[in-house]
Every structure is written in structure tokens, then in C-alpha cells.
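Listing of protein-v1.csv; format and content: CSV, C-alpha atoms.
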```csv
chain,number,residue,atom,x,y,z
A,1,MET,CA,15.4,-12.4,14.5
A,2,LYS,CA,17.1,-15.3,16.3
A,3,GLU,CA,14.3,-16.1,18.6
A,4,LEU,CA,11.9,-17.6,16.0
A,5,GLU,CA,12.3,-21.2,16.9
A,6,THR,CA,8.7,-22.3,16.6
A,7,ASN,CA,5.9,-21.2,14.3
A,8,SER,CA,3.9,-19.8,17.1
A,9,ARG,CA,6.8,-17.6,18.1
A,10,ALA,CA,7.1,-16.4,14.5
A,11,VAL,CA,3.3,-15.6,14.5
A,12,LEU,CA,3.8,-13.7,17.8
A,13,ALA,CA,6.8,-11.8,16.4
A,14,GLY,CA,4.7,-10.8,13.4
A,15,ILE,CA,1.9,-9.6,15.6
A,16,ARG,CA,4.3,-7.6,17.8
A,17,ASN,CA,6.0,-5.9,14.8
A,18,ALA,CA,2.6,-5.1,13.2
A,19,PHE,CA,1.3,-3.6,16.4
A,20,GLY,CA,2.3,0.0,16.2
A,21,LEU,CA,2.7,2.1,13.0
A,22,PRO,CA,1.6,-0.6,10.5
A,23,ALA,CA,-1.6,-1.4,12.3
A,24,LEU,CA,-2.2,2.3,13.1
A,25,LEU,CA,-1.8,3.1,9.4
A,26,LEU,CA,-4.3,0.5,8.3
A,27,PHE,CA,-6.7,1.7,11.0
A,28,SER,CA,-6.5,5.3,9.8
A,29,ALA,CA,-6.7,4.5,6.1
A,30,MET,CA,-9.7,2.2,6.7
A,31,THR,CA,-11.4,4.8,8.9
A,32,GLY,CA,-11.5,7.0,5.9
A,33,PHE,CA,-12.8,4.2,3.8
A,34,GLY,CA,-15.5,3.3,6.3
A,35,SER,CA,-16.9,6.8,6.4
A,36,PHE,CA,-16.8,7.1,2.6
A,37,ALA,CA,-18.6,3.8,2.2
A,38,GLN,CA,-21.2,4.9,4.7
A,39,GLU,CA,-21.7,8.2,2.8
A,40,GLN,CA,-22.2,6.3,-0.5
A,41,GLY,CA,-24.7,3.9,1.0
A,42,LEU,CA,-22.8,0.7,1.2
A,43,SER,CA,-23.8,-1.6,4.1
A,44,LEU,CA,-21.5,-1.9,7.1
A,45,TYR,CA,-21.3,-5.7,6.4
A,46,MET,CA,-20.1,-5.2,2.8
A,47,SER,CA,-17.7,-2.4,3.8
A,48,MET,CA,-16.0,-4.7,6.3
A,49,LEU,CA,-16.0,-7.7,3.8
A,50,SER,CA,-14.5,-5.3,1.2
A,51,THR,CA,-11.5,-4.8,3.5
A,52,ILE,CA,-11.0,-8.6,3.9
A,53,LEU,CA,-11.8,-9.7,0.4
A,54,ILE,CA,-10.4,-6.8,-1.8
A,55,TRP,CA,-7.7,-5.7,0.7
A,56,GLY,CA,-6.5,-2.9,-1.5
A,57,LEU,CA,-7.7,0.6,-0.6
A,58,PRO,CA,-7.6,2.3,-4.1
A,59,GLY,CA,-9.7,-0.5,-5.6
A,60,GLN,CA,-12.1,-0.5,-2.6
A,61,VAL,CA,-12.6,3.3,-3.1
A,62,VAL,CA,-13.1,2.9,-6.8
A,63,HIS,CA,-15.7,0.2,-6.3
A,64,VAL,CA,-17.7,2.3,-3.8
A,65,GLU,CA,-17.3,5.5,-5.9
A,66,LEU,CA,-18.4,3.9,-9.2
A,67,TYR,CA,-21.2,1.9,-7.6
A,68,GLY,CA,-22.5,5.0,-5.9
A,69,MET,CA,-22.5,6.8,-9.2
A,70,GLY,CA,-24.5,4.0,-10.8
A,71,ALA,CA,-21.8,3.1,-13.3
A,72,PRO,CA,-22.1,0.0,-15.4
A,73,LEU,CA,-20.6,-3.3,-14.1
A,74,ILE,CA,-17.8,-3.3,-16.7
A,75,ALA,CA,-16.6,0.2,-15.6
A,76,VAL,CA,-16.5,-1.1,-12.0
A,77,VAL,CA,-14.5,-4.2,-13.0
A,78,LEU,CA,-12.0,-2.2,-15.1
A,79,GLY,CA,-11.7,0.6,-12.6
A,80,VAL,CA,-11.0,-1.7,-9.7
A,81,ALA,CA,-8.6,-3.8,-11.8
A,82,GLY,CA,-6.7,-0.7,-12.8
A,83,ALA,CA,-6.5,0.7,-9.3
A,84,ASN,CA,-5.3,-2.6,-7.8
A,85,ALA,CA,-3.1,-3.8,-10.6
A,86,ARG,CA,-0.1,-3.2,-8.4
A,87,PHE,CA,-0.8,-6.6,-6.7
A,88,MET,CA,0.5,-8.4,-9.8
A,89,PRO,CA,4.1,-7.0,-9.6
A,90,MET,CA,4.0,-6.9,-5.8
A,91,THR,CA,2.9,-10.5,-5.5
A,92,LEU,CA,5.4,-11.6,-8.2
A,93,SER,CA,8.3,-9.9,-6.4
A,94,MET,CA,7.3,-11.2,-3.0
A,95,MET,CA,6.9,-14.9,-3.9
A,96,PRO,CA,10.6,-15.7,-3.9
A,97,VAL,CA,10.7,-14.8,-0.2
A,98,PHE,CA,8.6,-17.9,0.5
A,99,ASP,CA,10.6,-20.1,-2.0
A,100,ASP,CA,12.7,-22.0,0.6
A,101,SER,CA,9.8,-22.4,3.0
A,102,PRO,CA,8.5,-26.0,3.3
A,103,HIS,CA,4.7,-25.2,2.9
A,104,ASN,CA,2.7,-26.6,0.0
A,105,ARG,CA,2.9,-24.2,-2.9
A,106,ARG,CA,-1.0,-23.9,-3.0
A,107,TRP,CA,-0.9,-21.9,0.2
A,108,ASN,CA,0.7,-19.1,-1.8
A,109,TYR,CA,-2.7,-18.4,-3.3
A,110,LEU,CA,-3.9,-17.6,0.2
A,111,LEU,CA,-0.7,-15.7,1.2
A,112,ALA,CA,-1.2,-13.5,-1.9
A,113,GLN,CA,-4.5,-12.3,-0.6
A,114,MET,CA,-2.8,-11.0,2.5
A,115,ILE,CA,-0.4,-8.7,0.5
A,116,SER,CA,-0.8,-5.0,1.0
A,117,ILE,CA,1.8,-2.2,0.6
A,118,ASN,CA,2.5,-2.5,4.3
A,119,THR,CA,3.0,-6.3,4.5
A,120,TRP,CA,4.9,-6.3,1.2
A,121,THR,CA,7.5,-3.8,2.3
A,122,GLU,CA,7.8,-5.6,5.7
A,123,MET,CA,8.5,-9.0,4.0
A,124,LEU,CA,10.9,-7.6,1.4
A,125,ASP,CA,12.8,-5.8,4.1
A,126,ARG,CA,12.7,-8.3,7.0
A,127,GLY,CA,11.9,-11.5,5.2
A,128,PRO,CA,15.6,-12.4,4.5
A,129,GLU,CA,16.4,-12.0,8.2
A,130,ILE,CA,13.9,-14.6,9.2
A,131,ARG,CA,14.5,-18.4,8.9
A,132,ALA,CA,12.9,-19.6,5.6
A,133,ASP,CA,10.6,-22.0,7.4
A,134,ARG,CA,9.3,-19.4,9.7
A,135,ARG,CA,8.5,-16.7,7.1
A,136,MET,CA,5.0,-17.8,6.4
A,137,ALA,CA,4.0,-17.8,10.1
A,138,TYR,CA,5.6,-14.4,10.6
A,139,PHE,CA,3.8,-13.0,7.6
A,140,LEU,CA,0.5,-14.4,8.7
A,141,GLY,CA,0.8,-12.9,12.1
A,142,PHE,CA,1.9,-9.6,10.7
A,143,SER,CA,-0.8,-9.4,8.1
A,144,PHE,CA,-3.7,-10.7,10.2
A,145,THR,CA,-2.9,-7.9,12.7
A,146,CYS,CA,-2.9,-5.3,10.0
A,147,MET,CA,-6.2,-6.7,8.6
A,148,THR,CA,-7.8,-6.7,12.0
A,149,ALA,CA,-6.8,-3.1,12.5
A,150,GLY,CA,-8.2,-2.3,9.1
A,151,ILE,CA,-11.6,-3.9,9.9
A,152,ILE,CA,-11.8,-2.0,13.2
A,153,GLY,CA,-11.0,1.1,11.3
A,154,VAL,CA,-13.9,0.5,8.9
A,155,LEU,CA,-16.2,-0.1,11.8
A,156,GLN,CA,-15.2,3.1,13.6
A,157,GLY,CA,-15.2,5.2,10.4
A,158,PHE,CA,-18.6,3.9,9.4
A,159,ILE,CA,-20.1,4.6,12.8
A,160,LEU,CA,-18.2,7.5,14.3
A,161,PHE,CA,-16.6,9.5,11.4
A,162,GLU,CA,-19.2,12.3,11.3
A,163,SER,CA,-19.0,13.0,14.9
A,164,MET,CA,-15.2,13.2,14.9
A,165,PRO,CA,-13.5,16.6,14.7
A,166,GLN,CA,-12.5,17.3,11.1
A,167,THR,CA,-8.9,18.0,12.1
A,168,VAL,CA,-8.6,14.5,13.6
A,169,SER,CA,-10.1,12.9,10.4
A,170,LEU,CA,-7.8,14.9,8.2
A,171,CYS,CA,-4.7,13.9,10.2
A,172,LEU,CA,-5.8,10.2,10.0
A,173,ILE,CA,-6.2,10.4,6.2
A,174,PHE,CA,-3.0,12.4,5.7
A,175,LEU,CA,-1.1,9.7,7.5
A,176,VAL,CA,-1.5,7.4,4.5
A,177,PRO,CA,0.5,9.3,1.8
A,178,VAL,CA,3.1,10.4,4.4
A,179,TYR,CA,3.7,6.8,5.6
A,180,PHE,CA,3.9,5.3,2.2
A,181,GLY,CA,6.0,8.2,0.9
A,182,LEU,CA,8.5,7.7,3.6
A,183,ILE,CA,8.8,3.9,3.6
A,184,MET,CA,8.9,3.6,-0.1
A,185,SER,CA,11.5,6.3,-0.6
A,186,ASN,CA,13.7,4.7,2.1
A,187,THR,CA,15.1,1.9,-0.1
A,188,VAL,CA,18.8,1.1,-0.3
A,189,HIS,CA,18.4,-0.2,-3.9
A,190,PRO,CA,18.9,2.6,-6.4
A,191,PRO,CA,16.7,1.3,-9.2
A,192,PHE,CA,13.7,1.1,-6.8
A,193,LEU,CA,14.4,4.6,-5.6
A,194,LEU,CA,14.5,5.8,-9.3
A,195,ALA,CA,11.2,4.0,-10.0
A,196,PHE,CA,9.7,5.7,-7.0
A,197,VAL,CA,10.9,9.2,-8.0
A,198,LEU,CA,9.7,8.7,-11.6
A,199,GLY,CA,6.4,7.4,-10.4
A,200,CYS,CA,5.9,10.4,-8.2
A,201,ILE,CA,6.6,12.8,-11.1
A,202,LEU,CA,4.5,10.8,-13.7
A,203,GLY,CA,1.6,9.8,-11.5
A,204,THR,CA,-0.5,12.9,-11.6
A,205,PRO,CA,-0.2,13.7,-15.3
A,206,MET,CA,-0.9,10.1,-16.2
A,207,HIS,CA,-3.9,10.0,-14.0
A,208,MET,CA,-5.3,13.1,-15.7
A,209,LEU,CA,-4.6,11.4,-19.1
A,210,THR,CA,-6.4,8.2,-18.2
A,211,PRO,CA,-8.0,7.9,-14.7
A,212,GLU,CA,-8.5,4.1,-15.0
A,213,TRP,CA,-5.1,3.0,-16.2
A,214,GLY,CA,-2.9,5.9,-15.1
A,215,LEU,CA,-1.4,4.0,-12.2
A,216,VAL,CA,-0.6,1.0,-14.4
A,217,LEU,CA,0.9,3.1,-17.1
A,218,THR,CA,3.0,5.1,-14.7
A,219,GLY,CA,4.3,1.9,-13.1
A,220,LEU,CA,5.1,0.4,-16.4
A,221,ILE,CA,7.0,3.4,-17.7
A,222,SER,CA,8.9,4.4,-14.5
A,223,GLY,CA,9.5,0.8,-13.4
A,224,THR,CA,10.8,-0.3,-16.8
A,225,LEU,CA,13.0,2.8,-17.1
A,226,ALA,CA,14.5,2.2,-13.6
A,227,TYR,CA,15.0,-1.5,-14.4
A,228,LEU,CA,16.8,-0.8,-17.7
A,229,MET,CA,19.1,1.8,-16.0
A,230,ARG,CA,19.9,-0.4,-13.0
A,231,HIS,CA,23.5,-1.1,-14.1
A,232,LYS,CA,24.2,2.5,-14.8
A,233,LEU,CA,22.8,3.4,-11.4
A,234,GLN,CA,24.8,0.8,-9.5
A,235,VAL,CA,28.2,1.8,-10.8
A,236,PRO,CA,28.5,5.2,-9.2
A,237,TRP,CA,26.9,3.8,-6.1
A,238,ASN,CA,29.5,1.1,-5.7
A,239,ASN,CA,32.3,3.6,-6.5
A,240,LYS,CA,31.2,5.9,-3.9
A,241,GLU,CA,31.2,3.1,-1.3
A,242,GLY,CA,34.6,1.9,-2.5
A,243,ASN,CA,36.1,5.4,-2.2
A,244,GLY,CA,35.0,5.6,1.3
B,1,MET,CA,-33.2,-7.0,-6.5
B,2,ALA,CA,-31.1,-4.0,-5.4
B,3,GLU,CA,-29.4,-6.3,-2.9
B,4,THR,CA,-28.5,-8.8,-5.5
B,5,SER,CA,-27.0,-6.3,-7.9
B,6,ALA,CA,-25.0,-4.8,-5.0
B,7,TRP,CA,-23.5,-8.2,-4.3
B,8,ILE,CA,-22.8,-8.7,-8.0
B,9,PHE,CA,-20.9,-5.4,-8.2
B,10,PHE,CA,-19.1,-6.2,-5.0
B,11,LEU,CA,-18.0,-9.7,-6.0
B,12,SER,CA,-16.8,-8.4,-9.4
B,13,ALA,CA,-14.7,-5.9,-7.6
B,14,VAL,CA,-13.3,-8.7,-5.4
B,15,LEU,CA,-12.4,-10.8,-8.4
B,16,ALA,CA,-11.0,-7.9,-10.3
B,17,THR,CA,-8.4,-7.5,-7.5
B,18,TYR,CA,-7.8,-11.2,-6.8
B,19,VAL,CA,-7.2,-12.0,-10.4
B,20,TRP,CA,-3.9,-10.0,-10.3
B,21,ARG,CA,-2.7,-11.9,-7.1
B,22,PHE,CA,-3.8,-15.2,-8.6
B,23,ALA,CA,-2.0,-14.7,-11.9
B,24,ALA,CA,1.1,-13.5,-10.1
B,25,VAL,CA,1.3,-16.7,-7.9
B,26,MET,CA,0.7,-18.9,-11.0
B,27,ILE,CA,3.4,-17.1,-13.0
B,28,SER,CA,5.9,-17.1,-10.0
B,29,HIS,CA,5.6,-20.9,-9.8
B,30,ARG,CA,7.0,-21.1,-13.3
B,31,ILE,CA,10.0,-18.8,-12.9
B,32,GLU,CA,13.3,-19.4,-11.0
B,33,ALA,CA,13.4,-17.5,-7.7
B,34,ASN,CA,16.6,-15.6,-8.6
B,35,HIS,CA,15.5,-14.6,-12.1
B,36,PRO,CA,16.3,-10.9,-12.8
B,37,ILE,CA,12.7,-10.4,-13.9
B,38,PHE,CA,11.7,-10.3,-10.2
B,39,GLU,CA,13.7,-7.1,-9.9
B,40,TRP,CA,11.7,-5.6,-12.8
B,41,PHE,CA,8.5,-6.6,-11.0
B,42,THR,CA,9.6,-4.8,-7.9
B,43,CYS,CA,10.5,-1.7,-9.9
B,44,LEU,CA,7.0,-1.8,-11.4
B,45,ALA,CA,5.5,-2.0,-7.9
B,46,TYR,CA,7.5,0.9,-6.7
B,47,GLY,CA,6.4,3.0,-9.7
B,48,ILE,CA,2.7,2.2,-9.2
B,49,ILE,CA,2.8,2.9,-5.5
B,50,ALA,CA,4.7,6.2,-6.1
B,51,ALA,CA,2.0,7.2,-8.5
B,52,LEU,CA,-0.6,6.3,-5.9
B,53,VAL,CA,1.1,8.5,-3.3
B,54,ALA,CA,1.4,11.4,-5.7
B,55,ARG,CA,-2.2,11.1,-6.7
B,56,THR,CA,-3.5,10.9,-3.1
B,57,LEU,CA,-1.4,14.0,-2.3
B,58,ILE,CA,-2.0,16.2,-5.4
B,59,LEU,CA,-5.5,15.0,-6.6
B,60,PRO,CA,-7.1,13.6,-3.5
B,61,SER,CA,-10.7,12.5,-3.2
B,62,GLY,CA,-12.7,13.1,-0.1
B,63,LEU,CA,-11.7,15.1,2.9
B,64,LEU,CA,-8.1,15.9,1.9
B,65,ALA,CA,-9.5,17.7,-1.2
B,66,LEU,CA,-10.9,20.3,1.2
B,67,VAL,CA,-7.5,21.7,2.2
B,68,PRO,CA,-5.5,23.6,-0.4
B,69,LEU,CA,-2.7,21.9,-2.3
B,70,TRP,CA,0.1,23.7,-0.4
B,71,HIS,CA,-1.4,22.5,2.9
B,72,ARG,CA,-0.7,19.0,1.7
B,73,LEU,CA,2.7,19.6,0.0
B,74,ILE,CA,4.4,21.6,2.8
B,75,PRO,CA,3.6,19.0,5.5
B,76,MET,CA,4.8,16.2,3.2
B,77,ALA,CA,8.1,18.1,2.6
B,78,LEU,CA,8.4,18.5,6.4
B,79,ALA,CA,7.8,14.8,6.9
B,80,PHE,CA,10.6,14.0,4.5
B,81,LEU,CA,13.0,16.6,6.1
B,82,GLY,CA,12.2,15.2,9.6
B,83,PHE,CA,12.7,11.6,8.5
B,84,TYR,CA,15.9,12.0,6.5
B,85,LEU,CA,17.6,14.7,8.6
B,86,LEU,CA,16.9,13.1,12.0
B,87,GLY,CA,18.1,9.5,11.7
B,88,LYS,CA,15.4,8.0,9.4
B,89,ARG,CA,12.9,7.3,12.2
B,90,LEU,CA,9.4,6.8,10.8
B,91,TRP,CA,7.6,8.3,13.8
B,92,VAL,CA,9.7,11.5,13.6
B,93,GLY,CA,8.7,12.0,9.9
B,94,ILE,CA,5.1,11.4,10.7
B,95,VAL,CA,5.1,13.8,13.7
B,96,PHE,CA,6.8,16.5,11.5
B,97,GLY,CA,4.2,16.0,8.7
B,98,GLU,CA,1.2,15.9,11.0
B,99,THR,CA,2.4,18.9,13.0
B,100,GLY,CA,2.9,20.8,9.8
B,101,LEU,CA,-0.6,20.0,8.7
B,102,ILE,CA,-2.2,21.0,12.0
B,103,ALA,CA,-0.2,24.2,12.1
B,104,LEU,CA,-1.2,25.2,8.6
B,105,MET,CA,-4.9,24.5,9.2
B,106,TRP,CA,-4.8,26.3,12.5
B,107,PHE,CA,-3.0,29.3,11.0
B,108,ASN,CA,-5.2,29.5,8.0
B,109,ASN,CA,-8.4,29.2,10.0
B,110,GLY,CA,-7.2,31.9,12.4
B,111,ALA,CA,-6.2,34.2,9.6
B,112,GLU,CA,-9.5,33.9,7.8
B,113,GLY,CA,-11.5,34.2,11.0
B,114,PHE,CA,-13.3,30.8,10.8
```
C-alpha cells encoding of this file:
Amino acid sequence: MKELETNSRAVLAGIRNAFGLPALLLFSAMTGFGSFAQEQGLSLYMSMLSTILIWGLPGQVVHVELYGMGAPLIAVVLGVAGANARFMPMTLSMMPVFDDSPHNRRWNYLLAQMISINTWTEMLDRGPEIRADRRMAYFLGFSFTCMTAGIIGVLQGFILFESMPQTVSLCLIFLVPVYFGLIMSNTVHPPFLLAFVLGCILGTPMHMLTPEWGLVLTGLISGTLAYLMRHKLQVPWNNKEGNG
Amino acid sequence: MAETSAWIFFLSAVLATYVWRFAAVMISHRIEANHPIFEWFTCLAYGIIAALVARTLILPSGLLALVPLWHRLIPMALAFLGFYLLGKRLWVGIVFGETGLIALMWFNNGAEGF
């Protein structure tokens, strides 16, 4: 990442790196959302706005689902808040990436809106390689590309989904858990890997226990356990490296 | 009237998501960047996203619910095998997973004479 000498180059680098799997993934995921929203009677306009303004698929799905069922407003608010609560720890852990960057801190409230699993892992992995004063430009280029792909996905899902062969639709939807499963498990930091494994194991039973807060509870339990065990995890890890 | 209530529901959903991001930025401005608590936050995020992946795979809503559980689990296992055994290339994992899914659907439909 040596070539990022100006902000516009950083934006372009972000766009280039998003163009490919990250954008394809958002496109696929949002295709599924677009068709679901259409099925549930949401307008196309609102479905596309949902991708921009909520920008978190589980919450978007819960909103459409509960609204379609005629659930009360409080259920929609709690359901969406539970499904998208991950943005709190995600945003918190990403903000230090922008700490040495010269922009006014108020911009962070806008940057936070652009965070998704995709853009978050990208910035945690690649952020440190990028000059601190170019990170915001890179992040904006990357996330606007992902968001645009998502909006196109909603549009195509809303309009074309029913005429698409079911195998194609299934492959597009299946891409989402595969992609996230692979990128999240591929972390070099043992506590994060432990949190991921525990989350995979606990996720389903906790969801059956409490559908609204299952995600949050799973995250709290597995994340805290992994965090508390981080020193124990790192000792054998370092030894192994030391022994060659 | 129906229009207005749809917008109220929608904007509430928007706020219910943004409130997490907003609170996080506000809190982060009050903590040192290298504070160990950020590692805990990252662990929490990993846990939640893992739960999300497991839920999408095991208890999906929508189209994925139409295929049996083992049609989702076997391709997922294949994706992991392809990814970790063949040099951690993302596209290899995805090709393995998707090929597995297509093969299973094709085999199943053929066997049951769809």
C-alpha cells in the first residue's frame, strides 16, 4: 500500500479492492433482501433506502419480517436493535484505526454508518498497512463501492428475483454464510478465533432460547470468555512459534 | 395513513440500528486508542457475527430453508476444506462450497425424480 500518496488515489484503491468478492457478496446478499422485501410488500424505494440507512442485513430482514406480520412498533424496534447490535462492538473496535488520521472527529459519526462486516474486516486487516491520513479516503472508497453493489442487488432482487432459476438464487444466498464463515475464521489472533468458534456453537441454541436477543447474548458470552482466556491462549501460540 | 405508518416503522428501524453506531463513536472518543477494552469489543463482534453465520446456516429464513440441513452443512464443510487446505484463497473456498451445493441439489433432484 505504498502508492496512496493522495486522497483520491486512496479512494481509488478502496474502490479497486472492493470491486470483486466484497462487492459481489453485497450484491448477492441484497438480491435476497430485495426479493424478500418485494414479497412482503415493501416499496422499492424503501427497500433501497433500507440498504443505505440501516446497512445491516439482519436488522433489515427483521424490520421487513415484523412489519409484514403487523407486529407492534416496539417489537420492530427491539427486534432490529437486537439483530444489529453487533455494530456497537464493531464500531468501537474499528474507531482506533482512524485515531491518527487528521479529520475532524465528527466525521466518525458518518464513517460509523458505513461499517458492515465486510468493510469492518477490511479495515481491521488492511487499515494498519495504510498511511493514517489516507485511511478515511480508502474506507470511503471501499464502503461506497460495497453499498452501491448492495443497492443494485436490491434493485435486481426486487425486480428479477422471481424469474431467476432457483438454483442461481440459492447459490447467491448461500454465498453469504460461506463468505463470512471463511473471512471471520481466518484470523491470526487466537482470542478472536475462539470467540468465533464459541459463537458458532452457541448461536443456534441461544437463538431458539430468545430470538430477539440471541445474537447479543451469544456475542457477550463467547466474546467475554475468549477475552478472559486471551493470555492462556497466547502462551502456547508463542511457544509453538518459538520452538520453530 | 398506511404510508405514514410504514415510514414510522422504517425510520424506527433505521434509528434502532444507528443508535448502536452512534453510541459506539461517542464512547470511543472517551477511551484511549490502545486500551485493552477494544480487544474485548472485537471479541464480542466476532462472537455475534459467528452466531449470525451459524443461524443463517442452521435456522435460515427464506429460500435456504427449502434445502435440507445437510445440503447446507456439507457444502459449508467443503468450503472450509478448500479454503484451508489449498492456500487460504477465498475464491477457492467459495467455489468448493457452491459446487458442493449445486452437486447436492442436482443429485437429490435426480434421485427423487423432480
Expected answer as a ChimeraX atom specification: chain B residues within 8 Å of chain A, all atoms listed in the file: /B:9-10,12-18,20-25,27-28,33-34,38-59,62-64,76,79-80,83,90-91,93-94,97-98,101-102
Write the residues of the preceding selection, restricted to C-alpha atoms, as a short mmCIF file (atom, residue, chain, number, x, y, z; two decimals), in the coordinates of the input.
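Now in again-v7.cif:
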```
data_model
loop_
_atom_site.label_atom_id
_atom_site.label_comp_id
_atom_site.auth_asym_id
_atom_site.auth_seq_id
_atom_site.Cartn_x
_atom_site.Cartn_y
_atom_site.Cartn_z
CA PHE B 9 -20.90 -5.40 -8.20
CA PHE B 10 -19.10 -6.20 -5.00
CA SER B 12 -16.80 -8.40 -9.40
CA ALA B 13 -14.70 -5.90 -7.60
CA VAL B 14 -13.30 -8.70 -5.40
CA LEU B 15 -12.40 -10.80 -8.40
CA ALA B 16 -11.00 -7.90 -10.30
CA THR B 17 -8.40 -7.50 -7.50
CA TYR B 18 -7.80 -11.20 -6.80
CA TRP B 20 -3.90 -10.00 -10.30
CA ARG B 21 -2.70 -11.90 -7.10
CA PHE B 22 -3.80 -15.20 -8.60
CA ALA B 23 -2.00 -14.70 -11.90
CA ALA B 24 1.10 -13.50 -10.10
CA VAL B 25 1.30 -16.70 -7.90
CA ILE B 27 3.40 -17.10 -13.00
CA SER B 28 5.90 -17.10 -10.00
CA ALA B 33 13.40 -17.50 -7.70
CA ASN B 34 16.60 -15.60 -8.60
CA PHE B 38 11.70 -10.30 -10.20
CA GLU B 39 13.70 -7.10 -9.90
CA TRP B 40 11.70 -5.60 -12.80
CA PHE B 41 8.50 -6.60 -11.00
CA THR B 42 9.60 -4.80 -7.90
CA CYS B 43 10.50 -1.70 -9.90
CA LEU B 44 7.00 -1.80 -11.40
CA ALA B 45 5.50 -2.00 -7.90
CA TYR B 46 7.50 0.90 -6.70
CA GLY B 47 6.40 3.00 -9.70
CA ILE B 48 2.70 2.20 -9.20
CA ILE B 49 2.80 2.90 -5.50
CA ALA B 50 4.70 6.20 -6.10
CA ALA B 51 2.00 7.20 -8.50
CA LEU B 52 -0.60 6.30 -5.90
CA VAL B 53 1.10 8.50 -3.30
CA ALA B 54 1.40 11.40 -5.70
CA ARG B 55 -2.20 11.10 -6.70
CA THR B 56 -3.50 10.90 -3.10
CA LEU B 57 -1.40 14.00 -2.30
CA ILE B 58 -2.00 16.20 -5.40
CA LEU B 59 -5.50 15.00 -6.60
CA GLY B 62 -12.70 13.10 -0.10
CA LEU B 63 -11.70 15.10 2.90
CA LEU B 64 -8.10 15.90 1.90
CA MET B 76 4.80 16.20 3.20
CA ALA B 79 7.80 14.80 6.90
CA PHE B 80 10.60 14.00 4.50
CA PHE B 83 12.70 11.60 8.50
CA LEU B 90 9.40 6.80 10.80
CA TRP B 91 7.60 8.30 13.80
CA GLY B 93 8.70 12.00 9.90
CA ILE B 94 5.10 11.40 10.70
CA GLY B 97 4.20 16.00 8.70
CA GLU B 98 1.20 15.90 11.00
CA LEU B 101 -0.60 20.00 8.70
CA ILE B 102 -2.20 21.00 12.00
#
```
What does the structure give for the distance between CA of Phe161 in chain A and CA of Thr148 in chain A, in Å to one decimal?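 Separating CA of Phe161 in chain A from CA of Thr148 in chain A is a distance of 18.4 Å.
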What separation in Å, quoted to one decimal, exists between CA of Trp213 in chain A and CA of His35 in chain B?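 For CA of Trp213 in chain A relative to CA of His35 in chain B, the distance reads 27.4 Å.
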